[in-house]
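A.B. asks: As input, take work15.tsv (TSV, C-alpha atoms):
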chain	number	residue	atom	x	y	z
U	1	MET	CA	239.65	-134.48	-60.25
U	2	LYS	CA	241.45	-131.15	-60.72
U	3	THR	CA	243.29	-130.79	-64.01
U	4	GLU	CA	245.93	-128.26	-64.96
U	5	LYS	CA	245.07	-125.71	-67.63
U	6	THR	CA	246.74	-126.15	-70.97
U	7	MET	CA	248.82	-123.30	-72.41
U	8	SER	CA	246.22	-122.67	-75.14
U	9	GLU	CA	243.47	-122.37	-72.50
U	10	MET	CA	245.55	-119.89	-70.54
U	11	ASP	CA	246.26	-117.86	-73.70
U	12	LEU	CA	242.56	-117.81	-74.49
U	13	GLU	CA	241.69	-116.46	-71.05
U	14	ILE	CA	244.34	-113.76	-71.36
U	15	ASN	CA	243.08	-112.75	-74.79
U	16	LEU	CA	239.51	-112.54	-73.56
U	17	ASN	CA	240.48	-110.30	-70.67
U	18	LEU	CA	243.25	-108.31	-72.35
U	19	ASN	CA	242.77	-104.56	-72.29
U	20	LEU	CA	241.52	-103.91	-75.83
U	21	SER	CA	239.08	-101.10	-75.07
U	22	LYS	CA	241.79	-98.44	-74.87
U	23	MET	CA	241.99	-97.68	-78.56
U	24	VAL	CA	244.88	-95.41	-79.51
U	25	GLU	CA	244.76	-92.93	-82.38
U	26	ASP	CA	247.35	-90.20	-83.07
U	27	GLY	CA	248.86	-90.93	-79.65
U	28	LYS	CA	245.61	-90.29	-77.81
U	29	ILE	CA	243.61	-92.87	-75.85
U	30	LEU	CA	240.04	-92.92	-77.11
U	31	SER	CA	237.19	-93.33	-74.65
U	32	PRO	CA	234.64	-96.08	-75.38
U	33	VAL	CA	231.12	-95.00	-76.32
U	34	PHE	CA	227.83	-96.76	-75.65
U	35	GLY	CA	224.23	-96.59	-76.76
U	36	GLN	CA	222.21	-96.73	-79.97
U	37	GLY	CA	224.41	-97.13	-83.03
U	38	PHE	CA	227.56	-97.83	-81.00
U	39	THR	CA	227.57	-101.62	-80.82
U	40	GLY	CA	230.60	-103.60	-81.92
U	41	LEU	CA	231.11	-107.07	-83.41
U	42	GLU	CA	233.00	-109.84	-81.66
U	43	ASN	CA	235.96	-111.37	-83.49
U	44	LEU	CA	235.30	-114.96	-84.52
U	45	GLY	CA	238.98	-115.66	-85.13
U	46	ASN	CA	240.66	-113.41	-87.73
U	47	SER	CA	237.23	-112.19	-88.82
U	48	CYS	CA	238.06	-108.47	-88.70
U	49	TYR	CA	237.79	-108.32	-92.52
U	50	MET	CA	234.18	-109.59	-92.34
U	51	ASN	CA	233.25	-107.39	-89.37
U	52	SER	CA	234.64	-104.31	-91.11
U	53	VAL	CA	232.60	-104.97	-94.25
U	54	ILE	CA	229.41	-105.58	-92.24
U	55	GLN	CA	229.84	-102.36	-90.28
U	56	VAL	CA	230.52	-100.30	-93.41
U	57	LEU	CA	227.64	-101.68	-95.50
U	58	PHE	CA	225.07	-101.65	-92.72
U	59	SER	CA	225.81	-98.06	-91.76
U	60	LEU	CA	224.64	-96.81	-95.17
U	61	GLU	CA	221.22	-95.20	-95.49
U	62	PRO	CA	219.88	-97.41	-98.35
U	63	PHE	CA	220.66	-100.56	-96.34
U	64	ILE	CA	219.17	-99.10	-93.16
U	65	ASN	CA	215.98	-98.05	-94.98
U	66	ARG	CA	215.48	-101.48	-96.50
U	67	TYR	CA	216.38	-103.71	-93.57
U	68	TYR	CA	216.47	-101.94	-90.22
U	69	ASP	CA	213.11	-100.18	-90.46
U	70	ASN	CA	211.36	-103.57	-90.75
U	71	ALA	CA	213.83	-105.67	-88.78
U	72	TYR	CA	211.89	-106.02	-85.52
U	73	GLU	CA	208.60	-106.75	-87.28
U	74	HIS	CA	210.20	-109.44	-89.42
U	75	LEU	CA	211.88	-111.15	-86.47
U	76	MET	CA	208.61	-111.19	-84.54
U	77	ASN	CA	206.52	-112.59	-87.39
U	78	CYS	CA	208.82	-114.80	-89.48
U	79	SER	CA	207.85	-118.47	-89.36
U	80	SER	CA	211.01	-119.70	-91.14
U	81	ASN	CA	214.05	-121.22	-89.49
U	82	ALA	CA	216.19	-118.16	-88.70
U	83	ASN	CA	219.37	-120.05	-89.58
U	84	ASN	CA	218.12	-120.43	-93.17
U	85	CYS	CA	216.37	-117.07	-93.60
U	86	HIS	CA	218.14	-114.21	-95.37
U	87	LEU	CA	215.97	-111.50	-93.81
U	88	CYS	CA	216.31	-113.00	-90.33
U	89	GLN	CA	220.10	-112.90	-90.56
U	90	ILE	CA	220.14	-109.32	-91.84
U	91	SER	CA	217.52	-108.20	-89.31
U	92	LYS	CA	219.45	-109.73	-86.41
U	93	ILE	CA	222.63	-107.92	-87.41
U	94	PHE	CA	220.82	-104.60	-87.82
U	95	MET	CA	219.00	-104.91	-84.51
U	96	GLY	CA	222.29	-105.78	-82.84
U	97	LEU	CA	224.30	-102.95	-84.38
U	98	LEU	CA	221.79	-100.11	-84.32
U	99	SER	CA	219.22	-100.71	-81.59
U	100	GLY	CA	221.62	-100.15	-78.70
U	101	PHE	CA	220.19	-103.14	-76.85
U	102	TYR	CA	223.59	-104.87	-76.71
U	103	SER	CA	225.61	-101.69	-76.13
U	104	LYS	CA	225.39	-101.78	-72.35
U	105	LYS	CA	228.15	-100.19	-70.30
U	106	LYS	CA	229.89	-102.82	-68.18
U	107	GLU	CA	232.94	-102.82	-65.93
U	108	ARG	CA	235.76	-105.33	-65.50
U	109	ASP	CA	239.28	-105.72	-64.16
U	110	ILE	CA	242.20	-104.75	-66.36
U	111	ILE	CA	244.46	-107.68	-67.21
U	112	GLY	CA	247.97	-106.90	-68.45
U	113	SER	CA	249.92	-108.73	-71.15
U	114	ASP	CA	251.51	-110.80	-68.36
U	115	GLY	CA	248.09	-112.19	-67.49
U	116	LYS	CA	248.00	-110.46	-64.10
U	117	LYS	CA	245.38	-108.09	-62.75
U	118	LYS	CA	246.41	-104.41	-62.67
U	119	SER	CA	245.81	-103.30	-59.03
U	120	ASP	CA	242.30	-101.89	-58.62
U	121	GLU	CA	241.98	-100.35	-62.07
U	122	LYS	CA	238.77	-100.95	-63.98
U	123	GLU	CA	237.79	-100.53	-67.60
U	124	PHE	CA	234.45	-100.10	-69.31
U	125	TYR	CA	233.37	-102.45	-72.10
U	126	GLN	CA	230.38	-103.89	-73.92
U	127	ASP	CA	229.64	-107.44	-74.98
U	128	GLY	CA	229.04	-106.65	-78.62
U	129	ILE	CA	227.32	-109.15	-80.90
U	130	ILE	CA	228.61	-112.43	-82.32
U	131	PRO	CA	227.83	-112.80	-86.07
U	132	ILE	CA	228.31	-116.57	-86.15
U	133	THR	CA	224.97	-117.46	-87.81
U	134	PHE	CA	225.46	-114.60	-90.29
U	135	LYS	CA	228.83	-116.09	-91.23
U	136	ASN	CA	227.40	-119.60	-91.51
U	137	PHE	CA	224.53	-118.47	-93.76
U	138	TYR	CA	226.36	-116.25	-96.24
U	139	ASN	CA	229.83	-117.83	-96.24
U	140	LYS	CA	228.80	-121.48	-96.33
U	141	ASP	CA	229.68	-121.92	-100.02
U	142	ASN	CA	233.16	-120.45	-99.67
U	143	LEU	CA	235.83	-122.46	-97.86
U	144	ASP	CA	238.13	-119.46	-97.42
U	145	PHE	CA	235.50	-117.25	-95.79
U	146	MET	CA	234.24	-120.14	-93.64
U	147	SER	CA	237.73	-120.70	-92.24
U	148	ASN	CA	239.27	-118.82	-89.32
U	149	LYS	CA	242.09	-117.45	-91.46
U	150	GLN	CA	242.54	-113.78	-92.30
U	151	GLN	CA	241.06	-112.80	-95.69
U	152	ASP	CA	240.93	-109.73	-97.91
U	153	ALA	CA	238.16	-107.20	-97.09
U	154	TYR	CA	237.86	-106.12	-100.74
U	155	GLU	CA	237.25	-109.69	-101.88
U	156	TYR	CA	234.78	-110.29	-99.08
U	157	MET	CA	232.78	-107.14	-99.81
U	158	ASN	CA	232.43	-108.18	-103.45
U	159	PHE	CA	231.44	-111.69	-102.35
U	160	LEU	CA	228.87	-110.48	-99.81
U	161	LEU	CA	227.29	-107.97	-102.20
U	162	GLU	CA	226.77	-110.75	-104.76
U	163	LYS	CA	225.23	-112.95	-102.06
U	164	LEU	CA	222.87	-110.18	-100.94
U	165	ASP	CA	221.90	-109.46	-104.57
U	166	ALA	CA	221.06	-113.13	-105.13
U	167	GLU	CA	218.87	-113.27	-101.99
U	168	GLU	CA	217.12	-110.00	-102.87
U	169	LYS	CA	216.43	-111.30	-106.39
U	170	LYS	CA	214.55	-114.26	-104.85
U	171	LEU	CA	212.31	-111.72	-103.12
U	172	GLY	CA	211.75	-109.81	-106.37
U	173	ARG	CA	213.58	-106.73	-105.11
U	174	SER	CA	216.23	-104.52	-106.71
U	175	ASN	CA	219.93	-104.95	-106.04
U	176	LEU	CA	221.25	-102.64	-103.36
U	177	SER	CA	224.74	-103.04	-104.84
U	178	GLU	CA	223.65	-100.67	-107.62
U	179	ILE	CA	224.43	-97.74	-105.30
U	180	PHE	CA	228.13	-98.55	-105.84
U	181	ASP	CA	228.07	-99.10	-109.61
U	182	PHE	CA	229.72	-96.69	-112.03
U	183	ASP	CA	231.18	-96.70	-115.56
U	184	VAL	CA	234.85	-96.35	-116.42
U	185	GLU	CA	235.66	-95.23	-119.95
U	186	THR	CA	239.07	-95.93	-121.48
U	187	LYS	CA	240.58	-94.11	-124.45
U	188	PHE	CA	243.28	-95.84	-126.50
U	189	GLN	CA	245.03	-93.36	-128.79
U	190	CYS	CA	247.78	-94.06	-131.31
U	191	THR	CA	250.69	-91.61	-130.93
U	192	ASN	CA	251.58	-92.08	-134.61
U	193	CYS	CA	248.30	-91.31	-136.43
U	194	SER	CA	246.22	-89.89	-133.53
U	195	GLY	CA	243.47	-92.42	-134.22
U	196	TYR	CA	241.64	-93.61	-131.12
U	197	LYS	CA	239.09	-96.05	-129.80
U	198	LEU	CA	236.85	-95.94	-126.73
U	199	SER	CA	235.71	-98.71	-124.43
U	200	LYS	CA	233.47	-98.65	-121.38
U	201	VAL	CA	233.13	-101.09	-118.50
U	202	ARG	CA	230.82	-101.11	-115.47
U	203	THR	CA	232.40	-101.68	-112.07
U	204	ARG	CA	231.85	-101.02	-108.36
U	205	PHE	CA	235.40	-100.47	-107.13
U	206	LEU	CA	237.95	-97.77	-107.88
U	207	THR	CA	241.37	-99.37	-107.45
U	208	ILE	CA	244.17	-96.90	-106.79
U	209	PHE	CA	247.92	-97.46	-106.56
U	210	ILE	CA	250.79	-95.73	-104.77
U	211	PRO	CA	252.79	-93.36	-107.00
U	212	PHE	CA	256.58	-93.15	-106.56
U	213	TRP	CA	256.40	-95.90	-104.00
U	214	LYS	CA	260.17	-96.58	-103.95
U	215	GLU	CA	260.93	-93.00	-102.96
U	216	LYS	CA	258.12	-92.95	-100.41
U	217	LYS	CA	259.31	-96.22	-98.93
U	218	GLU	CA	262.92	-95.05	-98.61
U	219	LYS	CA	262.04	-91.65	-97.13
U	220	ASN	CA	259.01	-92.84	-95.12
U	221	ILE	CA	256.65	-90.42	-96.93
U	222	ASP	CA	252.87	-90.66	-96.67
U	223	CYS	CA	250.64	-91.13	-99.70
U	224	THR	CA	247.62	-88.88	-100.31
U	225	PHE	CA	244.35	-89.68	-102.07
U	226	GLU	CA	244.95	-86.77	-104.47
U	227	GLU	CA	248.26	-88.32	-105.59
U	228	CYS	CA	246.54	-91.66	-106.21
U	229	MET	CA	243.76	-90.04	-108.24
U	230	GLN	CA	246.31	-88.22	-110.38
U	231	LEU	CA	248.15	-91.48	-111.05
U	232	TRP	CA	244.85	-93.16	-111.95
U	233	VAL	CA	244.02	-90.59	-114.66
U	234	ASN	CA	247.55	-90.20	-116.02
U	235	PRO	CA	248.02	-91.76	-119.52
U	236	VAL	CA	249.95	-95.02	-119.68
U	237	GLN	CA	251.90	-95.98	-122.80
U	238	ILE	CA	251.48	-99.45	-124.25
U	239	ASN	CA	252.50	-101.22	-127.45
U	240	TYR	CA	249.52	-102.04	-129.65
U	241	ASN	CA	248.76	-102.99	-133.26
U	242	CYS	CA	247.22	-99.94	-134.93
U	243	SER	CA	244.58	-100.85	-137.54
U	244	ASN	CA	245.11	-97.51	-139.23
U	245	CYS	CA	248.94	-97.55	-139.33
U	246	LYS	CA	248.98	-101.28	-140.10
U	247	LYS	CA	251.80	-101.86	-137.64
U	248	GLU	CA	252.61	-101.96	-133.96
U	249	THR	CA	252.82	-98.47	-132.49
U	250	ILE	CA	252.78	-96.78	-129.11
U	251	PHE	CA	249.33	-96.02	-127.69
U	252	ASN	CA	248.38	-93.73	-124.83
U	253	SER	CA	245.80	-95.38	-122.60
U	254	SER	CA	243.72	-92.97	-120.47
U	255	GLN	CA	240.72	-93.58	-118.24
U	256	ARG	CA	237.96	-91.56	-116.62
U	257	VAL	CA	234.88	-92.12	-114.48
U	258	CYS	CA	231.74	-91.44	-116.52
U	259	ASN	CA	229.20	-91.27	-113.71
U	260	LEU	CA	230.00	-91.17	-110.01
U	261	PRO	CA	227.93	-93.57	-107.87
U	262	LYS	CA	226.01	-92.70	-104.72
U	263	TYR	CA	228.82	-94.29	-102.71
U	264	LEU	CA	232.31	-94.69	-104.17
U	265	LEU	CA	234.18	-97.78	-103.00
U	266	VAL	CA	237.94	-97.22	-103.18
U	267	THR	CA	240.51	-100.00	-102.81
U	268	TYR	CA	244.03	-98.95	-101.87
U	269	ASN	CA	246.47	-101.43	-103.41
U	270	ARG	CA	249.60	-101.77	-101.27
U	271	PHE	CA	251.04	-104.75	-103.15
U	272	VAL	CA	253.93	-104.14	-105.56
U	273	TYR	CA	256.42	-106.29	-107.41
U	274	ASP	CA	260.18	-105.85	-107.10
U	275	TRP	CA	261.67	-109.23	-108.04
U	276	VAL	CA	259.17	-110.68	-105.58
U	277	PRO	CA	255.70	-109.39	-104.58
U	278	PHE	CA	255.46	-107.65	-101.22
U	279	LYS	CA	253.18	-105.30	-99.30
U	280	LEU	CA	254.10	-101.64	-98.78
U	281	ASP	CA	253.91	-100.17	-95.30
U	282	ILE	CA	253.06	-96.63	-96.42
U	283	ASP	CA	250.43	-94.58	-94.59
U	284	PHE	CA	247.47	-93.41	-96.67
U	285	VAL	CA	246.32	-89.84	-95.93
U	286	PHE	CA	242.66	-89.18	-96.67
U	287	ASP	CA	241.18	-85.81	-95.78
U	288	GLU	CA	237.45	-86.56	-95.64
U	289	ASN	CA	236.65	-82.87	-95.21
U	290	HIS	CA	238.22	-81.91	-98.54
U	291	ILE	CA	237.24	-84.45	-101.19
U	292	ASN	CA	237.24	-83.33	-104.82
U	293	LEU	CA	236.51	-86.09	-107.32
U	294	GLU	CA	236.37	-83.75	-110.32
U	295	LEU	CA	239.77	-85.00	-111.48
U	296	LEU	CA	238.35	-88.49	-112.00
U	297	THR	CA	235.50	-87.31	-114.23
U	298	ARG	CA	237.28	-84.79	-116.47
U	299	PRO	CA	236.75	-85.29	-120.24
U	300	PHE	CA	239.65	-86.71	-122.22
U	301	THR	CA	242.12	-84.24	-123.70
U	302	LYS	CA	241.50	-83.82	-127.43
U	303	ILE	CA	244.44	-84.08	-129.81
U	304	GLU	CA	244.48	-81.99	-132.99
U	305	GLY	CA	243.58	-84.14	-135.99
U	306	GLU	CA	242.39	-87.09	-133.93
U	307	ASN	CA	239.82	-89.43	-135.45
U	308	LEU	CA	237.85	-92.39	-134.19
U	309	PHE	CA	239.04	-95.59	-135.82
U	310	PRO	CA	236.81	-96.61	-138.77
U	311	GLU	CA	235.77	-99.92	-137.18
U	312	ASP	CA	234.63	-98.05	-134.07
U	313	LYS	CA	232.65	-95.57	-136.15
U	314	GLU	CA	230.79	-98.46	-137.80
U	315	SER	CA	229.95	-100.02	-134.44
U	316	LYS	CA	228.31	-96.81	-133.20
Take the structure in the file and write it out as structure tokens.
C.D. replies:
Amino acid sequence: MKTEKTMSEMDLEINLNLNLSKMVEDGKILSPVFGQGFTGLENLGNSCYMNSVIQVLFSLEPFINRYYDNAYEHLMNCSSNANNCHLCQISKIFMGLLSGFYSKKKERDIIGSDGKKKSDEKEFYQDGIIPITFKNFYNKDNLDFMSNKQQDAYEYMNFLLEKLDAEEKKLGRSNLSEIFDFDVETKFQCTNCSGYKLSKVRTRFLTIFIPFWKEKKEKNIDCTFEECMQLWVNPVQINYNCSNCKKETIFNSSQRVCNLPKYLLVTYNRFVYDWVPFKLDIDFVFDENHINLELLTRPFTKIEGENLFPEDKESK
């Protein structure tokens, strides 16, 4: 018996055939590329955050050296159930992304947003790979990341790195996440007596904020990485109880990066609070050909007559 298609089934067919290969950047249509290292990941339903993290991490040399070089051999010789094997899941992803085996040039009809075929036009595409077993293995203990709802890429990267570290520890191997680790030192200085204290914390993300966001929002001005770095190192004034002055005074809080990592992970925070929290729609300009991180690592400015607080001297 012939049954009519439901609206959701029709929408699904349109989405599967919709012309998504014509990526647009700066007003120009980009041509698709194929071959080794040019394989994409299929969307599992709002999984772009996960796919983005996978593609970033697994394009880095330390990850390639550890996993891809031995991927084929492991897949051919592993006797474990692939669905429960950490190395099988990683090897499958690497073979899919880098081998070029799945990046085959194919041709199909172009379907418009109205669901109709566009004359005799054709478009090129590739199947890509579907990371469903990868998602099931690493995300199984997190209800948010197992769902089909959109999630935050920053949170997922942190989550996945911890998962990978735990699996590597079982194998007696070092944590690959160490290539992102660095130390941030903070200087708290009393503006009344010039006494100061230092603290240091280890992290793997540099979180930057948008300076003068109200003006940028009103005038539709872009934000540059240099502006964000300057804001990050600028002193911030806070009220704090000074152990030397024996009262609450104003402190300058400054921060610096002590040791840059092999790869610096930067998170661009677009969320602000103006009566209610909301997300800024301000473009972030990053010139990858002119990156100078010296500003982040500059020593703290010394104030005449400054002294380390006595309790901090004793702890050294």
A.B. asks: List as an NGL selection string the residues having at least one atom at most 12 Å from position (218.3, -98.8, -83.1) as given in the file, counting only C-alpha atoms.
C.D. replies: :U and (35-39 or 59 or 64 or 67-72 or 91-103)
A.B. asks: Taking into account all atoms listed in the file, which residue in the set U:Leu41, U:Ala82, U:Cys223, U:Val184 is nearest to Asp283 in chain U?
C.D. replies: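 Between U:Leu41, U:Ala82, U:Cys223, U:Val184, the residue approaching Asp283 in chain U most closely is U:Cys223.
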A.B. asks: Which residue is closest to Asn220 in chain U? Choose from U:Ile282, U:Cys88, U:Phe137, U:Lys117 and count all atoms listed in the file.
C.D. replies: U:Ile282
A.B. asks: In terms of the shortest atom-to-atom distance over all atoms listed in the file, which of U:Thr133, U:Ser174, U:Thr207, U:Gln237 is closest to Ile90 in chain U?
C.D. replies: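 Closest candidate: U:Thr133.
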A.B. asks: Mind giving me the straight-line distance from CA of Thr297 in chain U to CA of Thr191 in chain U in Å, one decimal?
C.D. replies: 23.0 Å
A.B. asks: Please identify every residue of range 47-113 of chain U that has at least one atom no farther than 7 Å from an atom of range 142-161 of chain U, counting all atoms listed in the file, and for each give the shortest atom pair and the distance in Å to one decimal, arranged by chain then increasing number, as a Markdown table.
C.D. replies:
| residue | atom | partner | partner_atom | distance |
| --- | --- | --- | --- | --- |
| U:Ser47 | CA | U:Gln150 | CA | 6.5 |
| U:Tyr49 | CA | U:Ala153 | CA | 4.7 |
| U:Met50 | CA | U:Ala153 | CA | 6.6 |
| U:Val53 | CA | U:Met157 | CA | 6.0 |
A.B. asks: Quick one: residues within 9 Å of (249.2, -98.0, -126.6) (file frame), counting only C-alpha atoms, please, as a PyMOL selection string.
C.D. replies: chain U and resi 188-191+236-242+249-253
A.B. asks: Do you have the CA of Asp181 in chain U-CA of Arg202 in chain U distance handy?
C.D. replies: 6.8 Å
A.B. asks: Work out how far CA of Ala166 in chain U is from CA of Ile129 in chain U, in Å to one decimal.
C.D. replies: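 Atom-to-atom, CA of Ile129 in chain U to CA of Ala166 in chain U, that is 25.3 Å.
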A.B. asks: Go through U:Asn51, U:Phe63, U:Lys105, U:Met76 and flag the residue nearest Phe34 in chain U, using only C-alpha atoms for the distances.
C.D. replies: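 The shortest atom-to-atom distance to Phe34 in chain U comes from U:Lys105.
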A.B. asks: Here is a test: counting only C-alpha atoms, which residue of U:Phe209, U:Val266, U:Ser194, U:Phe278 is nearest to Glu304 in chain U?
C.D. replies: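 Result for the nearest residue to Glu304 in chain U: U:Ser194.
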A.B. asks: Return the single residue from U:Val285, U:Leu176, U:Asn77, U:Gln230 that is closest to Phe58 in chain U, with distances computed using only C-alpha atoms.
C.D. replies: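 When distances to Phe58 in chain U are compared using only C-alpha atoms, the smallest one comes from U:Leu176.
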A.B. asks: What's the 8 Å shell around Arg204 in chain U, counting all atoms listed in the file, without same-chain residues fewer than 4 positions away, as a list in words?
C.D. replies: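 Contacts, in chain order: Phe180, Asp181, Phe182, Leu264 and Leu265 of chain U.
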A.B. asks: Find the residues around Glu121 in chain U up to 10 Å (all atoms listed in the file counted), leave out those fewer than 3 positions away in its own chain, and share them as a PyMOL selection string.
C.D. replies: chain U and resi 108-111+117-118
A.B. asks: Provide range 85-114 of chain U rebuilt to N, CA and C atoms, formatted as a CSV table (one decimal), in the frame of the given file.
C.D. replies:
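Contents of the output file part-v8.csv:
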chain,number,residue,atom,x,y,z
U,85,CYS,N,217.1,-118.2,-93.1
U,85,CYS,CA,216.4,-117.1,-93.6
U,85,CYS,C,217.3,-115.8,-93.8
U,86,HIS,N,217.3,-115.4,-95.0
U,86,HIS,CA,218.1,-114.2,-95.4
U,86,HIS,C,217.7,-113.0,-94.6
U,87,LEU,N,216.4,-112.7,-94.5
U,87,LEU,CA,216.0,-111.5,-93.8
U,87,LEU,C,216.2,-111.6,-92.3
U,88,CYS,N,216.1,-112.8,-91.8
U,88,CYS,CA,216.3,-113.0,-90.3
U,88,CYS,C,217.8,-112.7,-90.0
U,89,GLN,N,218.7,-113.1,-90.8
U,89,GLN,CA,220.1,-112.9,-90.6
U,89,GLN,C,220.4,-111.4,-90.7
U,90,ILE,N,219.9,-110.8,-91.7
U,90,ILE,CA,220.1,-109.3,-91.8
U,90,ILE,C,219.5,-108.5,-90.7
U,91,SER,N,218.3,-108.9,-90.4
U,91,SER,CA,217.5,-108.2,-89.3
U,91,SER,C,218.2,-108.3,-88.0
U,92,LYS,N,218.8,-109.5,-87.7
U,92,LYS,CA,219.4,-109.7,-86.4
U,92,LYS,C,220.7,-108.8,-86.3
U,93,ILE,N,221.4,-108.7,-87.4
U,93,ILE,CA,222.6,-107.9,-87.4
U,93,ILE,C,222.3,-106.4,-87.2
U,94,PHE,N,221.2,-106.0,-87.9
U,94,PHE,CA,220.8,-104.6,-87.8
U,94,PHE,C,220.3,-104.3,-86.4
U,95,MET,N,219.5,-105.1,-85.9
U,95,MET,CA,219.0,-104.9,-84.5
U,95,MET,C,220.2,-104.9,-83.5
U,96,GLY,N,221.1,-105.7,-83.7
U,96,GLY,CA,222.3,-105.8,-82.8
U,96,GLY,C,223.1,-104.5,-82.9
U,97,LEU,N,223.4,-104.1,-84.2
U,97,LEU,CA,224.3,-103.0,-84.4
U,97,LEU,C,223.7,-101.6,-84.0
U,98,LEU,N,222.4,-101.4,-84.4
U,98,LEU,CA,221.8,-100.1,-84.3
U,98,LEU,C,220.8,-99.9,-83.2
U,99,SER,N,220.3,-100.9,-82.6
U,99,SER,CA,219.2,-100.7,-81.6
U,99,SER,C,219.8,-100.2,-80.3
U,100,GLY,N,221.0,-100.5,-80.0
U,100,GLY,CA,221.6,-100.2,-78.7
U,100,GLY,C,221.3,-101.1,-77.6
U,101,PHE,N,220.6,-102.2,-77.9
U,101,PHE,CA,220.2,-103.1,-76.8
U,101,PHE,C,221.4,-103.9,-76.3
U,102,TYR,N,222.4,-104.1,-77.2
U,102,TYR,CA,223.6,-104.9,-76.7
U,102,TYR,C,224.7,-103.9,-76.3
U,103,SER,N,224.5,-102.6,-76.5
U,103,SER,CA,225.6,-101.7,-76.1
U,103,SER,C,225.4,-101.2,-74.7
U,104,LYS,N,225.5,-102.1,-73.8
U,104,LYS,CA,225.4,-101.8,-72.4
U,104,LYS,C,226.8,-101.6,-71.7
U,105,LYS,N,226.9,-100.5,-70.9
U,105,LYS,CA,228.2,-100.2,-70.3
U,105,LYS,C,228.4,-101.1,-69.1
U,106,LYS,N,229.5,-101.9,-69.2
U,106,LYS,CA,229.9,-102.8,-68.2
U,106,LYS,C,231.3,-102.5,-67.7
U,107,GLU,N,231.6,-103.1,-66.6
U,107,GLU,CA,232.9,-102.8,-65.9
U,107,GLU,C,233.7,-104.1,-65.6
U,108,ARG,N,235.0,-104.1,-65.8
U,108,ARG,CA,235.8,-105.3,-65.5
U,108,ARG,C,237.2,-104.9,-65.1
U,109,ASP,N,237.9,-105.9,-64.5
U,109,ASP,CA,239.3,-105.7,-64.2
U,109,ASP,C,240.1,-105.6,-65.4
U,110,ILE,N,241.2,-104.9,-65.3
U,110,ILE,CA,242.2,-104.8,-66.4
U,110,ILE,C,243.3,-105.8,-66.2
U,111,ILE,N,243.5,-106.6,-67.2
U,111,ILE,CA,244.5,-107.7,-67.2
U,111,ILE,C,245.6,-107.3,-68.1
U,112,GLY,N,246.8,-107.3,-67.6
U,112,GLY,CA,248.0,-106.9,-68.4
U,112,GLY,C,248.4,-108.0,-69.4
U,113,SER,N,249.4,-107.7,-70.2
U,113,SER,CA,249.9,-108.7,-71.2
U,113,SER,C,250.6,-109.9,-70.4
U,114,ASP,N,250.9,-109.7,-69.1
U,114,ASP,CA,251.5,-110.8,-68.4
U,114,ASP,C,250.4,-111.7,-67.7
